[in-house]
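Participant: Contents of my_file31.txt (compact mmCIF, C-alpha atoms) are given next:
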```txt
# COMPACT_ATOMS: atom_id res chain seq x y z
CA MET A 23 12.60 -80.51 -48.47
CA MET A 24 13.20 -80.81 -52.17
CA ASP A 25 16.92 -81.57 -52.48
CA SER A 26 18.43 -84.66 -54.07
CA ASN A 27 17.92 -86.77 -50.95
CA PHE A 28 14.16 -86.58 -51.38
CA ASN A 29 13.80 -86.68 -55.17
CA LEU A 30 11.39 -89.22 -56.52
CA THR A 31 12.97 -89.23 -59.97
CA ALA A 32 15.84 -87.59 -61.80
CA TRP A 33 16.28 -87.21 -65.54
CA GLU A 34 19.69 -88.05 -67.02
CA ASN A 35 21.28 -86.50 -70.10
CA GLY A 36 21.17 -88.59 -73.26
CA SER A 37 18.66 -91.10 -71.90
CA THR A 38 15.80 -92.37 -74.06
CA GLY A 39 12.92 -94.78 -73.66
CA ALA A 40 13.12 -96.95 -70.58
CA ASN A 41 16.47 -95.44 -69.62
CA LEU A 42 15.05 -91.87 -69.55
CA VAL A 43 14.36 -91.95 -65.85
CA LYS A 44 16.69 -93.04 -63.11
CA ARG A 45 14.66 -93.88 -60.01
CA TYR A 46 15.83 -93.21 -56.52
CA PRO A 47 14.49 -95.00 -53.45
CA PHE A 48 11.10 -93.72 -52.35
CA THR A 49 10.74 -92.42 -48.82
CA ILE A 50 7.60 -91.82 -46.81
CA PHE A 51 8.67 -88.21 -46.30
CA SER A 52 9.12 -87.51 -50.02
CA ILE A 53 5.77 -89.12 -50.88
CA LEU A 54 4.06 -87.08 -48.16
CA ILE A 55 5.61 -83.82 -49.38
CA VAL A 56 4.65 -84.41 -53.01
CA THR A 57 1.11 -85.41 -51.98
CA LEU A 58 0.69 -82.26 -49.92
CA LEU A 59 1.96 -80.06 -52.76
CA VAL A 60 -0.41 -81.70 -55.26
CA ILE A 61 -3.32 -81.18 -52.85
CA LEU A 62 -2.25 -77.54 -52.41
CA ILE A 63 -2.22 -76.99 -56.19
CA ILE A 64 -5.65 -78.57 -56.71
CA ALA A 65 -7.24 -76.82 -53.71
CA THR A 66 -5.82 -73.42 -54.73
CA PHE A 67 -7.15 -73.81 -58.27
CA LEU A 68 -10.62 -75.06 -57.30
CA TRP A 69 -11.22 -72.60 -54.48
CA ASN A 70 -10.27 -69.55 -56.56
CA LEU A 71 -12.25 -70.90 -59.51
CA LEU A 72 -15.29 -71.25 -57.24
CA VAL A 73 -14.94 -67.60 -56.22
CA LEU A 74 -14.73 -66.53 -59.88
CA VAL A 75 -17.76 -68.60 -60.92
CA THR A 76 -19.77 -67.20 -58.01
CA ILE A 77 -18.91 -63.60 -58.92
CA LEU A 78 -19.84 -64.22 -62.57
CA ARG A 79 -23.16 -65.93 -61.80
CA VAL A 80 -24.45 -63.70 -58.99
CA LYS A 81 -25.52 -60.28 -60.31
CA THR A 82 -25.17 -58.56 -56.95
CA PHE A 83 -21.44 -59.31 -57.11
CA HIS A 84 -20.99 -57.39 -60.38
CA ARG A 85 -19.78 -54.29 -58.52
CA VAL A 86 -17.17 -52.96 -56.13
CA PRO A 87 -15.43 -54.47 -54.18
CA HIS A 88 -16.10 -57.79 -55.89
CA ASN A 89 -14.22 -56.70 -59.03
CA LEU A 90 -11.09 -56.45 -56.86
CA VAL A 91 -11.79 -59.91 -55.44
CA ALA A 92 -12.27 -61.24 -58.99
CA SER A 93 -8.92 -59.78 -60.06
CA MET A 94 -7.24 -61.42 -57.07
CA ALA A 95 -8.93 -64.74 -57.86
CA VAL A 96 -7.78 -64.56 -61.51
CA SER A 97 -4.16 -64.04 -60.46
CA ASP A 98 -4.37 -66.87 -57.91
CA VAL A 99 -6.02 -69.25 -60.40
CA MET A 100 -3.16 -68.53 -62.81
CA VAL A 101 -0.63 -69.24 -60.06
CA ALA A 102 -2.25 -72.64 -59.47
CA ALA A 103 -2.72 -73.52 -63.15
CA LEU A 104 0.40 -72.12 -64.84
CA VAL A 105 3.08 -71.71 -62.18
CA MET A 106 2.80 -74.30 -59.40
CA PRO A 107 2.65 -77.46 -61.59
CA LEU A 108 5.86 -76.62 -63.46
CA SER A 109 7.48 -75.60 -60.20
CA LEU A 110 6.65 -79.03 -58.81
CA VAL A 111 8.17 -80.69 -61.90
CA ASN A 112 11.30 -78.60 -61.36
CA GLU A 113 11.48 -79.68 -57.72
CA LEU A 114 11.08 -83.36 -58.59
CA SER A 115 13.98 -83.14 -61.01
CA GLY A 116 16.30 -81.78 -58.33
CA ARG A 117 15.83 -78.16 -59.44
CA ARG A 118 17.40 -79.03 -62.81
CA TRP A 119 15.36 -77.62 -65.68
CA ARG A 120 14.98 -80.14 -68.52
CA LEU A 121 12.25 -78.40 -70.52
CA GLY A 122 14.31 -75.94 -72.57
CA ARG A 123 14.91 -72.19 -72.61
CA LEU A 124 11.59 -71.16 -74.19
CA LEU A 125 9.42 -72.87 -71.60
CA CYS A 126 11.72 -71.59 -68.86
CA ASP A 127 11.20 -67.99 -69.99
CA VAL A 128 7.44 -68.51 -70.22
CA TRP A 129 7.26 -70.14 -66.79
CA VAL A 130 9.38 -67.52 -64.99
CA SER A 131 7.44 -64.69 -66.67
CA PHE A 132 4.10 -66.12 -65.56
CA ASP A 133 5.53 -66.82 -62.10
CA VAL A 134 6.55 -63.20 -61.56
CA LEU A 135 3.43 -61.83 -63.30
CA CYS A 136 0.86 -63.84 -61.34
CA CYS A 137 2.53 -63.64 -57.93
CA THR A 138 3.12 -59.89 -58.26
CA ALA A 139 -0.48 -59.34 -59.39
CA SER A 140 -1.75 -61.41 -56.46
CA ILE A 141 0.27 -59.31 -53.99
CA TRP A 142 -0.89 -56.00 -55.49
CA ASN A 143 -4.50 -57.19 -55.55
CA VAL A 144 -4.27 -57.76 -51.79
CA THR A 145 -2.93 -54.21 -51.52
CA ALA A 146 -5.81 -52.85 -53.63
CA ILE A 147 -8.39 -54.60 -51.42
CA ALA A 148 -6.72 -53.15 -48.31
CA LEU A 149 -6.78 -49.64 -49.82
CA ASP A 150 -10.44 -50.00 -50.80
CA ARG A 151 -11.35 -51.08 -47.27
CA TYR A 152 -9.34 -48.21 -45.80
CA TRP A 153 -11.09 -45.56 -47.92
CA SER A 154 -14.54 -47.07 -47.32
CA ILE A 155 -13.96 -46.96 -43.54
CA THR A 156 -12.27 -43.58 -43.18
CA ARG A 157 -13.97 -41.65 -46.02
CA HIS A 158 -17.36 -43.31 -46.39
CA LEU A 159 -19.09 -40.00 -47.20
CA GLU A 160 -16.75 -38.96 -50.03
CA TYR A 161 -16.01 -42.51 -51.21
CA THR A 162 -19.26 -43.00 -53.10
CA LEU A 163 -20.11 -46.05 -55.20
CA LYS A 164 -19.30 -44.20 -58.43
CA THR A 165 -15.93 -42.98 -57.11
CA ARG A 166 -15.20 -46.40 -55.66
CA LYS A 167 -15.83 -48.09 -59.01
CA LYS A 168 -13.50 -45.72 -60.89
CA ILE A 169 -10.68 -46.02 -58.35
CA SER A 170 -10.97 -49.82 -58.16
CA ASN A 171 -10.77 -50.14 -61.96
CA VAL A 172 -7.69 -47.90 -62.00
CA MET A 173 -6.06 -50.00 -59.26
CA ILE A 174 -6.77 -53.22 -61.19
CA ALA A 175 -5.26 -51.79 -64.38
CA LEU A 176 -2.16 -50.51 -62.55
CA THR A 177 -1.77 -53.86 -60.76
CA TRP A 178 -1.54 -55.86 -63.97
CA LEU A 179 0.48 -53.20 -65.80
CA LEU A 180 3.15 -53.05 -63.09
CA SER A 181 3.20 -56.84 -62.83
CA ALA A 182 3.73 -57.13 -66.59
CA VAL A 183 6.60 -54.63 -66.55
CA ILE A 184 8.38 -56.49 -63.74
CA SER A 185 7.84 -59.95 -65.26
CA LEU A 186 8.77 -59.11 -68.87
CA SER A 187 11.92 -57.07 -68.16
CA PRO A 188 14.31 -60.08 -68.23
CA LEU A 189 13.03 -61.01 -71.70
CA PHE A 190 14.50 -57.73 -72.97
CA GLY A 191 17.98 -58.45 -71.65
CA TRP A 192 17.79 -57.54 -67.98
CA GLY A 193 19.59 -60.63 -66.69
CA GLU A 194 19.21 -64.31 -67.54
CA THR A 195 16.56 -66.75 -66.37
CA TYR A 196 17.97 -69.90 -67.97
CA THR A 197 21.49 -71.33 -67.71
CA ALA A 198 22.15 -74.26 -70.06
CA ASP A 199 25.34 -75.43 -68.34
CA ASP A 200 23.75 -75.70 -64.89
CA GLU A 201 20.31 -76.57 -66.27
CA SER A 202 18.86 -73.94 -63.96
CA CYS A 203 15.70 -71.89 -64.47
CA GLN A 204 15.03 -69.10 -62.01
CA VAL A 205 14.21 -65.43 -61.71
CA SER A 206 17.02 -63.21 -63.00
CA GLN A 207 19.77 -62.84 -60.39
CA GLU A 208 21.07 -59.55 -61.82
CA PRO A 209 21.51 -57.34 -58.71
CA SER A 210 19.82 -54.28 -60.25
CA TYR A 211 16.85 -56.39 -61.37
CA ALA A 212 16.67 -58.07 -57.95
CA ILE A 213 16.30 -54.64 -56.31
CA PHE A 214 13.74 -53.48 -58.89
CA SER A 215 11.63 -56.64 -58.87
CA THR A 216 11.58 -57.26 -55.11
CA CYS A 217 10.79 -53.63 -54.32
CA GLY A 218 8.09 -53.43 -56.99
CA ALA A 219 6.58 -56.82 -56.24
CA PHE A 220 6.80 -56.91 -52.44
CA TYR A 221 8.49 -54.18 -50.42
CA LEU A 222 6.45 -51.32 -51.91
CA PRO A 223 3.07 -53.06 -51.46
CA LEU A 224 4.21 -54.22 -48.01
CA SER A 225 4.83 -50.59 -47.01
CA VAL A 226 1.41 -49.60 -48.37
CA VAL A 227 -0.56 -52.31 -46.54
CA LEU A 228 1.25 -51.72 -43.24
CA PHE A 229 0.53 -47.98 -43.49
CA VAL A 230 -3.09 -48.69 -44.42
CA TYR A 231 -3.66 -51.01 -41.48
CA TRP A 232 -2.04 -48.55 -39.10
CA LYS A 233 -4.48 -45.86 -40.34
CA ILE A 234 -7.44 -48.25 -40.02
CA TYR A 235 -6.38 -49.04 -36.45
CA LYS A 236 -6.12 -45.32 -35.62
CA ALA A 237 -9.54 -44.63 -37.16
CA ALA A 238 -11.13 -47.46 -35.18
CA LYS A 239 -9.50 -46.23 -31.96
CA PHE A 240 -10.74 -42.69 -32.64
CA ARG A 241 -14.32 -43.92 -33.16
CA ILE A 242 -14.26 -45.85 -29.89
CA GLY A 243 -13.02 -42.73 -28.12
CA SER A 244 -15.78 -40.64 -29.72
CA ARG A 245 -18.44 -43.06 -28.49
CA LYS A 246 -17.12 -42.81 -24.93
CA ARG A 247 -17.14 -38.99 -25.07
CA ASN A 248 -20.78 -39.01 -26.30
CA ALA A 249 -21.96 -40.93 -23.23
CA VAL A 250 -23.12 -39.29 -19.97
CA MET A 251 -21.32 -41.05 -17.17
CA PRO A 252 -23.39 -42.49 -14.28
CA LEU A 253 -23.63 -40.51 -11.09
CA SER A 254 -22.34 -41.98 -7.88
CA GLY A 255 -24.93 -42.12 -5.13
CA VAL A 256 -28.45 -40.70 -5.26
CA VAL A 257 -29.60 -37.44 -6.81
CA GLN A 258 -32.62 -35.86 -5.17
CA VAL A 259 -34.65 -32.99 -6.54
CA LYS A 260 -36.95 -31.21 -4.11
CA GLU A 261 -39.66 -28.73 -4.93
CA ALA A 262 -39.02 -25.52 -3.00
CA SER A 263 -42.40 -24.62 -1.43
CA ARG A 264 -44.25 -24.83 1.79
CA GLU A 265 -46.37 -27.63 0.41
CA PRO A 266 -45.46 -31.21 1.30
CA GLN A 267 -42.15 -31.93 -0.41
CA MET A 268 -41.98 -34.15 -3.47
CA VAL A 269 -38.75 -36.05 -3.91
CA PHE A 270 -37.56 -37.43 -7.28
CA THR A 271 -34.80 -40.00 -6.99
CA ALA A 272 -32.52 -41.18 -9.84
CA ARG A 273 -30.09 -43.96 -9.11
CA HIS A 274 -27.05 -44.47 -11.33
CA ALA A 275 -28.57 -42.88 -14.41
CA ALA A 276 -26.67 -43.18 -17.69
CA ILE A 277 -27.56 -41.71 -21.04
CA THR A 278 -25.78 -42.78 -24.22
CA PHE A 279 -26.22 -41.14 -27.61
CA GLN A 280 -25.95 -44.07 -29.99
CA PRO A 281 -28.02 -44.05 -33.18
CA ASP A 282 -28.93 -47.47 -34.54
CA GLY A 283 -27.24 -46.79 -37.88
CA GLU A 284 -23.94 -45.90 -36.26
CA SER A 285 -23.90 -49.13 -34.27
CA TRP A 286 -24.42 -51.17 -37.44
CA ARG A 287 -21.71 -49.25 -39.28
CA GLU A 288 -19.21 -49.68 -36.46
CA GLN A 289 -19.86 -53.41 -36.39
CA LYS A 290 -19.33 -53.60 -40.16
CA GLU A 291 -16.15 -51.53 -39.98
CA ARG A 292 -14.75 -53.66 -37.16
CA LYS A 293 -15.34 -56.81 -39.21
CA ALA A 294 -13.73 -55.25 -42.30
CA ALA A 295 -10.72 -54.13 -40.27
CA LEU A 296 -10.31 -57.64 -38.85
CA MET A 297 -10.51 -59.18 -42.33
CA VAL A 298 -7.91 -56.76 -43.71
CA GLY A 299 -5.64 -57.41 -40.73
CA ILE A 300 -5.73 -61.19 -41.20
CA LEU A 301 -5.30 -60.84 -44.98
CA ILE A 302 -2.24 -58.63 -44.50
CA GLY A 303 -0.79 -60.79 -41.73
CA VAL A 304 -0.99 -63.99 -43.79
CA PHE A 305 0.39 -62.18 -46.83
CA VAL A 306 3.44 -60.98 -44.87
CA LEU A 307 4.10 -64.36 -43.23
CA CYS A 308 3.85 -66.21 -46.55
CA TRP A 309 6.03 -63.95 -48.68
CA ILE A 310 8.59 -62.21 -46.49
CA PRO A 311 11.04 -65.16 -46.18
CA PHE A 312 11.13 -65.61 -49.97
CA PHE A 313 11.65 -61.95 -50.80
CA ILE A 314 14.34 -61.48 -48.16
CA THR A 315 16.39 -64.26 -49.76
CA GLU A 316 15.60 -62.99 -53.27
CA LEU A 317 16.99 -59.57 -52.41
CA VAL A 318 19.91 -60.51 -50.18
CA GLY A 319 21.13 -63.45 -52.30
CA PRO A 320 22.06 -61.56 -55.52
CA LEU A 321 23.42 -58.54 -53.61
CA CYS A 322 25.85 -60.41 -51.37
CA SER A 323 26.37 -63.43 -53.67
CA CYS A 324 25.11 -65.61 -50.84
CA SER A 325 23.97 -69.14 -51.65
CA VAL A 326 20.77 -70.17 -49.93
CA PRO A 327 20.44 -73.97 -49.51
CA PRO A 328 18.07 -75.40 -52.17
CA THR A 329 15.86 -76.96 -49.51
CA TRP A 330 15.20 -73.61 -47.87
CA LYS A 331 14.66 -71.90 -51.22
CA SER A 332 11.98 -74.48 -51.99
CA ILE A 333 10.31 -74.05 -48.61
CA PHE A 334 10.21 -70.25 -48.97
CA LEU A 335 8.93 -70.46 -52.56
CA TRP A 336 6.06 -72.82 -51.76
CA LEU A 337 5.20 -70.86 -48.64
CA GLY A 338 4.73 -67.87 -50.93
CA TYR A 339 2.62 -69.89 -53.37
CA SER A 340 0.37 -70.95 -50.47
CA ASN A 341 -0.74 -67.34 -50.10
CA SER A 342 -2.84 -67.87 -53.24
CA PHE A 343 -4.69 -70.61 -51.35
CA PHE A 344 -5.30 -68.52 -48.22
CA ASN A 345 -6.51 -65.35 -50.01
CA PRO A 346 -9.99 -66.61 -51.04
CA LEU A 347 -10.43 -68.49 -47.76
CA ILE A 348 -9.83 -65.37 -45.68
CA TYR A 349 -11.97 -63.04 -47.79
CA THR A 350 -14.99 -65.33 -48.13
CA ALA A 351 -14.86 -66.39 -44.47
CA PHE A 352 -15.67 -62.80 -43.45
CA ASN A 353 -18.42 -62.30 -46.05
CA LYS A 354 -21.76 -64.00 -45.44
CA ASN A 355 -22.90 -63.11 -48.96
CA TYR A 356 -20.27 -65.46 -50.42
CA ASN A 357 -21.22 -68.27 -48.06
CA ASN A 358 -24.88 -67.93 -49.05
CA ALA A 359 -23.96 -67.73 -52.73
CA PHE A 360 -21.86 -70.91 -52.43
CA ARG A 361 -24.77 -72.78 -50.85
CA ASN A 362 -27.19 -71.57 -53.53
CA LEU A 363 -24.73 -72.50 -56.27
CA PHE A 364 -24.34 -76.07 -55.03
CA SER A 365 -28.04 -76.49 -54.28
CA LYS A 366 -28.94 -75.55 -57.87
CA GLN A 367 -26.51 -78.13 -59.20
CA ARG A 368 -28.36 -80.96 -57.41
```
Take the structure I supplied and represent it as structure tokens, if you would.
Facilitator:
Amino acid sequence: MMDSNFNLTAWENGSTGANLVKRYPFTIFSILIVTLLVILIIATFLWNLLVLVTILRVKTFHRVPHNLVASMAVSDVMVAALVMPLSLVNELSGRRWRLGRLLCDVWVSFDVLCCTASIWNVTAIALDRYWSITRHLEYTLKTRKKISNVMIALTWLLSAVISLSPLFGWGETYTADDESCQVSQEPSYAIFSTCGAFYLPLSVVLFVYWKIYKAAKFRIGSRKRNAVMPLSGVVQVKEASREPQMVFTARHAAITFQPDGESWREQKERKAALMVGILIGVFVLCWIPFFITELVGPLCSCSVPPTWKSIFLWLGYSNSFFNPLIYTAFNKNYNNAFRNLFSKQR
């Protein structure tokens, strides 16, 4: 997708002024790809910014779980504003970094920081949903607020540790000879970073969704056990006396114990479980190809074709676009808040 056959421009060493850029023939495919990536960057930034503005302006959103959503939106806004534009510049130059070591270190650090924080924020939202569904009596608003704040702090702390480690000598991000700028390929760092940024949260979210599924299945089973099954045929009750007999007939009677509150809660839990499932599914599909290559490549010294590396990287970036779409699509409060926000601007 982004190899030298599709580059729009390439910078040459020692060039200045009008000779700085050597232009290659434009193709419809290359123009289409660049246009789509630019649209992806702008849409990711604006959509996450809209979520942040809505949370800040609507007072009812100043509580759990909207603080977790705000943390996710901050990480995704940073991906769109600080990471994706420079990544696009790198792609257009044939994956040859021309912006110096300092900017390379800054870009890679923000790349790892923001993407890792985005992944762990998805994990935190999944955990919050799991506890609110399975432990709604113990998981009070006060407890929920404390735990969510701890999860947000740990998310950004772990992301900072993973992203800043190469700056203290754990591998190299910039190679002057090859003009390459990428995440450190040191095998030990590759294991540490991929496990901390993806495989550990992946294990957590898969376990969480499995538990949510079991809890939902258990509740459905409980509802069936609390229902009196209909009787086949006709039940007759006769008064035993010499007086004329009175016959009471009940046909296919069924009694179900189903309080109104429980029905509402089950509907809410089913919707939350569906949202978490889609959020996790998209997260896995977007990131798993990239992190497989990031782990396997340094360990076996395998060379992944640049085109595929670019596809996997941008597929991972696209997760920052899907996150706010998925979460707000399942929350009517956000849809109403968006409408009110735009109506006030008119």
Participant: How far is it from CA of Ala146 in chain A to CA of Asn89 in chain A, in Å with one decimal?
Facilitator: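 So the two atoms, CA of Ala146 in chain A and CA of Asn89 in chain A, lie 10.7 Å apart.
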Participant: Which is closest to Gln204 in chain A among A:Leu68, A:Val304, A:Cys126, A:Leu114, if we use all atoms listed in the file?
Facilitator: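 That would be A:Cys126, the residue with the smallest distance to Gln204 in chain A.
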Participant: Looking at all atoms listed in the file, which of A:Phe364, A:Thr57, A:Ala359, A:Trp232 is the one that sits closest to Leu78 in chain A?
Facilitator: A:Ala359
Participant: Please, what distance in Å, to one decimal, runs between CA of Val306 in chain A and CA of Lys331 in chain A?
Facilitator: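 The value is 16.9 Å.
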Participant: For Leu71 in chain A, which of A:Gln207, A:Phe343, A:Pro107, A:Gln289 is the closest residue, counting all atoms listed in the file?
Facilitator: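 Among the listed residues, the smallest separation from Leu71 in chain A belongs to A:Phe343.
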Participant: From the options A:Phe83, A:Trp119, A:Phe312, A:Phe360, which residue's atoms come nearest to Ser332 in chain A, counting all atoms listed in the file?
Facilitator: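 Once distances to Ser332 in chain A are computed over all atoms listed in the file, the minimum belongs to A:Phe312.
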Participant: Calculated over all atoms listed in the file, which of the candidates A:Ser154, A:Leu224, A:Asp127, A:Leu176 has the smallest distance to Glu194 in chain A?
Facilitator: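 Comparing A:Ser154, A:Leu224, A:Asp127, A:Leu176 against Glu194 in chain A, the winner is A:Asp127.
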Participant: Which residue is closest to Val230 in chain A? Choose from A:Leu72, A:Leu110, A:Ile302, A:Val60 and count only C-alpha atoms.
Facilitator: A:Ile302
Participant: Compute the distance from (5.5, -57.6, -61.0) to each atom, counting all atoms listed in the file, keep the residues with any atom at most 12 Å away, and return them as an mmCIF file with C-alpha atoms, in the frame of the given file; use the coordinates of the file.
Facilitator:
```
data_model
loop_
_atom_site.group_PDB
_atom_site.id
_atom_site.type_symbol
_atom_site.label_atom_id
_atom_site.label_comp_id
_atom_site.auth_asym_id
_atom_site.auth_seq_id
_atom_site.Cartn_x
_atom_site.Cartn_y
_atom_site.Cartn_z
ATOM 1 C CA SER A 97 -4.160 -64.040 -60.460
ATOM 2 C CA VAL A 130 9.380 -67.520 -64.990
ATOM 3 C CA SER A 131 7.440 -64.690 -66.670
ATOM 4 C CA PHE A 132 4.100 -66.120 -65.560
ATOM 5 C CA ASP A 133 5.530 -66.820 -62.100
ATOM 6 C CA VAL A 134 6.550 -63.200 -61.560
ATOM 7 C CA LEU A 135 3.430 -61.830 -63.300
ATOM 8 C CA CYS A 136 0.860 -63.840 -61.340
ATOM 9 C CA CYS A 137 2.530 -63.640 -57.930
ATOM 10 C CA THR A 138 3.120 -59.890 -58.260
ATOM 11 C CA ALA A 139 -0.480 -59.340 -59.390
ATOM 12 C CA SER A 140 -1.750 -61.410 -56.460
ATOM 13 C CA ILE A 141 0.270 -59.310 -53.990
ATOM 14 C CA TRP A 142 -0.890 -56.000 -55.490
ATOM 15 C CA ASN A 143 -4.500 -57.190 -55.550
ATOM 16 C CA LEU A 176 -2.160 -50.510 -62.550
ATOM 17 C CA THR A 177 -1.770 -53.860 -60.760
ATOM 18 C CA TRP A 178 -1.540 -55.860 -63.970
ATOM 19 C CA LEU A 179 0.480 -53.200 -65.800
ATOM 20 C CA LEU A 180 3.150 -53.050 -63.090
ATOM 21 C CA SER A 181 3.200 -56.840 -62.830
ATOM 22 C CA ALA A 182 3.730 -57.130 -66.590
ATOM 23 C CA VAL A 183 6.600 -54.630 -66.550
ATOM 24 C CA ILE A 184 8.380 -56.490 -63.740
ATOM 25 C CA SER A 185 7.840 -59.950 -65.260
ATOM 26 C CA LEU A 186 8.770 -59.110 -68.870
ATOM 27 C CA SER A 187 11.920 -57.070 -68.160
ATOM 28 C CA PRO A 188 14.310 -60.080 -68.230
ATOM 29 C CA VAL A 205 14.210 -65.430 -61.710
ATOM 30 C CA TYR A 211 16.850 -56.390 -61.370
ATOM 31 C CA ALA A 212 16.670 -58.070 -57.950
ATOM 32 C CA PHE A 214 13.740 -53.480 -58.890
ATOM 33 C CA SER A 215 11.630 -56.640 -58.870
ATOM 34 C CA THR A 216 11.580 -57.260 -55.110
ATOM 35 C CA CYS A 217 10.790 -53.630 -54.320
ATOM 36 C CA GLY A 218 8.090 -53.430 -56.990
ATOM 37 C CA ALA A 219 6.580 -56.820 -56.240
ATOM 38 C CA PHE A 220 6.800 -56.910 -52.440
ATOM 39 C CA TYR A 221 8.490 -54.180 -50.420
ATOM 40 C CA LEU A 222 6.450 -51.320 -51.910
ATOM 41 C CA PRO A 223 3.070 -53.060 -51.460
#
```
Participant: Between CA of Tyr339 in chain A and CA of Met106 in chain A, what is the distance, to one decimal in Å?
Facilitator: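 These two atoms are separated by 7.5 Å.
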Participant: First collect every listed atom of range 220-239 of chain A; then fit an axis-aligned box around them, widen it by 5 Å on each side, and give centre and edge lengths in Å to one decimal, as lines of an AutoDock Vina configuration file.
Facilitator:
```
center_x = -1.3
center_y = -50.8
center_z = -42.2
size_x = 29.6
size_y = 22.3
size_z = 30.5
```
Participant: For Gly319 in chain A, find every residue with an atom within 12 Å (counting only C-alpha atoms), except residues of its own chain fewer than 2 positions away, and show them as a list of chain:residue names.
Facilitator: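 The contact residues come out as A:Val205, A:Ser206, A:Gln207, A:Glu208, A:Pro209, A:Ala212, A:Ile213, A:Thr216, A:Pro311, A:Phe312, A:Phe313, A:Ile314, A:Thr315, A:Glu316, A:Leu317, A:Leu321, A:Cys322, A:Ser323, A:Cys324, A:Ser325, A:Val326, A:Pro327, A:Lys331.
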Participant: Please write the residues from the selection above to a file, keeping C-alpha atoms, as a PDB file, in the frame of the given file.
Facilitator:
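Okay, out10.pdb is ready:
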```pdb
ATOM      1  CA  VAL A 205      14.210 -65.430 -61.710  1.00  0.00           C
ATOM      2  CA  SER A 206      17.020 -63.210 -63.000  1.00  0.00           C
ATOM      3  CA  GLN A 207      19.770 -62.840 -60.390  1.00  0.00           C
ATOM      4  CA  GLU A 208      21.070 -59.550 -61.820  1.00  0.00           C
ATOM      5  CA  PRO A 209      21.510 -57.340 -58.710  1.00  0.00           C
ATOM      6  CA  ALA A 212      16.670 -58.070 -57.950  1.00  0.00           C
ATOM      7  CA  ILE A 213      16.300 -54.640 -56.310  1.00  0.00           C
ATOM      8  CA  THR A 216      11.580 -57.260 -55.110  1.00  0.00           C
ATOM      9  CA  PRO A 311      11.040 -65.160 -46.180  1.00  0.00           C
ATOM     10  CA  PHE A 312      11.130 -65.610 -49.970  1.00  0.00           C
ATOM     11  CA  PHE A 313      11.650 -61.950 -50.800  1.00  0.00           C
ATOM     12  CA  ILE A 314      14.340 -61.480 -48.160  1.00  0.00           C
ATOM     13  CA  THR A 315      16.390 -64.260 -49.760  1.00  0.00           C
ATOM     14  CA  GLU A 316      15.600 -62.990 -53.270  1.00  0.00           C
ATOM     15  CA  LEU A 317      16.990 -59.570 -52.410  1.00  0.00           C
ATOM     16  CA  LEU A 321      23.420 -58.540 -53.610  1.00  0.00           C
ATOM     17  CA  CYS A 322      25.850 -60.410 -51.370  1.00  0.00           C
ATOM     18  CA  SER A 323      26.370 -63.430 -53.670  1.00  0.00           C
ATOM     19  CA  CYS A 324      25.110 -65.610 -50.840  1.00  0.00           C
ATOM     20  CA  SER A 325      23.970 -69.140 -51.650  1.00  0.00           C
ATOM     21  CA  VAL A 326      20.770 -70.170 -49.930  1.00  0.00           C
ATOM     22  CA  PRO A 327      20.440 -73.970 -49.510  1.00  0.00           C
ATOM     23  CA  LYS A 331      14.660 -71.900 -51.220  1.00  0.00           C
TER      24      LYS A 331
END
```
Participant: Could you pull range 192-202 of chain A out of the structure just shown and give N, CA and C atoms as an mmCIF file, in the first residue's frame?
Facilitator:
```cif
data_model
loop_
_atom_site.group_PDB
_atom_site.id
_atom_site.type_symbol
_atom_site.label_atom_id
_atom_site.label_comp_id
_atom_site.auth_asym_id
_atom_site.auth_seq_id
_atom_site.Cartn_x
_atom_site.Cartn_y
_atom_site.Cartn_z
ATOM 1 N N TRP A 192 16.925 1.230 26.109
ATOM 2 C CA TRP A 192 16.410 -0.107 25.812
ATOM 3 C C TRP A 192 16.107 -0.196 24.316
ATOM 4 N N GLY A 193 17.141 -0.338 23.516
ATOM 5 C CA GLY A 193 17.003 -0.422 22.072
ATOM 6 C C GLY A 193 17.040 0.945 21.413
ATOM 7 N N GLU A 194 17.037 0.941 20.086
ATOM 8 C CA GLU A 194 17.110 2.170 19.299
ATOM 9 C C GLU A 194 15.845 2.347 18.471
ATOM 10 N N THR A 195 15.385 3.595 18.395
ATOM 11 C CA THR A 195 14.229 3.894 17.548
ATOM 12 C C THR A 195 14.637 4.514 16.214
ATOM 13 N N TYR A 196 15.816 5.136 16.186
ATOM 14 C CA TYR A 196 16.236 5.847 14.970
ATOM 15 C C TYR A 196 17.560 5.294 14.471
ATOM 16 N N THR A 197 17.636 5.027 13.169
ATOM 17 C CA THR A 197 18.863 4.568 12.535
ATOM 18 C C THR A 197 19.222 5.553 11.431
ATOM 19 N N ALA A 198 20.340 6.273 11.615
ATOM 20 C CA ALA A 198 20.715 7.327 10.668
ATOM 21 C C ALA A 198 21.081 6.758 9.303
ATOM 22 N N ASP A 199 21.774 5.620 9.276
ATOM 23 C CA ASP A 199 22.221 5.049 8.001
ATOM 24 C C ASP A 199 21.032 4.659 7.116
ATOM 25 N N ASP A 200 20.044 4.013 7.725
ATOM 26 C CA ASP A 200 18.872 3.556 6.958
ATOM 27 C C ASP A 200 17.762 4.601 6.915
ATOM 28 N N GLU A 201 17.961 5.683 7.658
ATOM 29 C CA GLU A 201 16.923 6.714 7.791
ATOM 30 C C GLU A 201 15.587 6.086 8.191
ATOM 31 N N SER A 202 15.648 5.220 9.192
ATOM 32 C CA SER A 202 14.442 4.535 9.655
ATOM 33 C C SER A 202 14.081 5.005 11.057
#
```
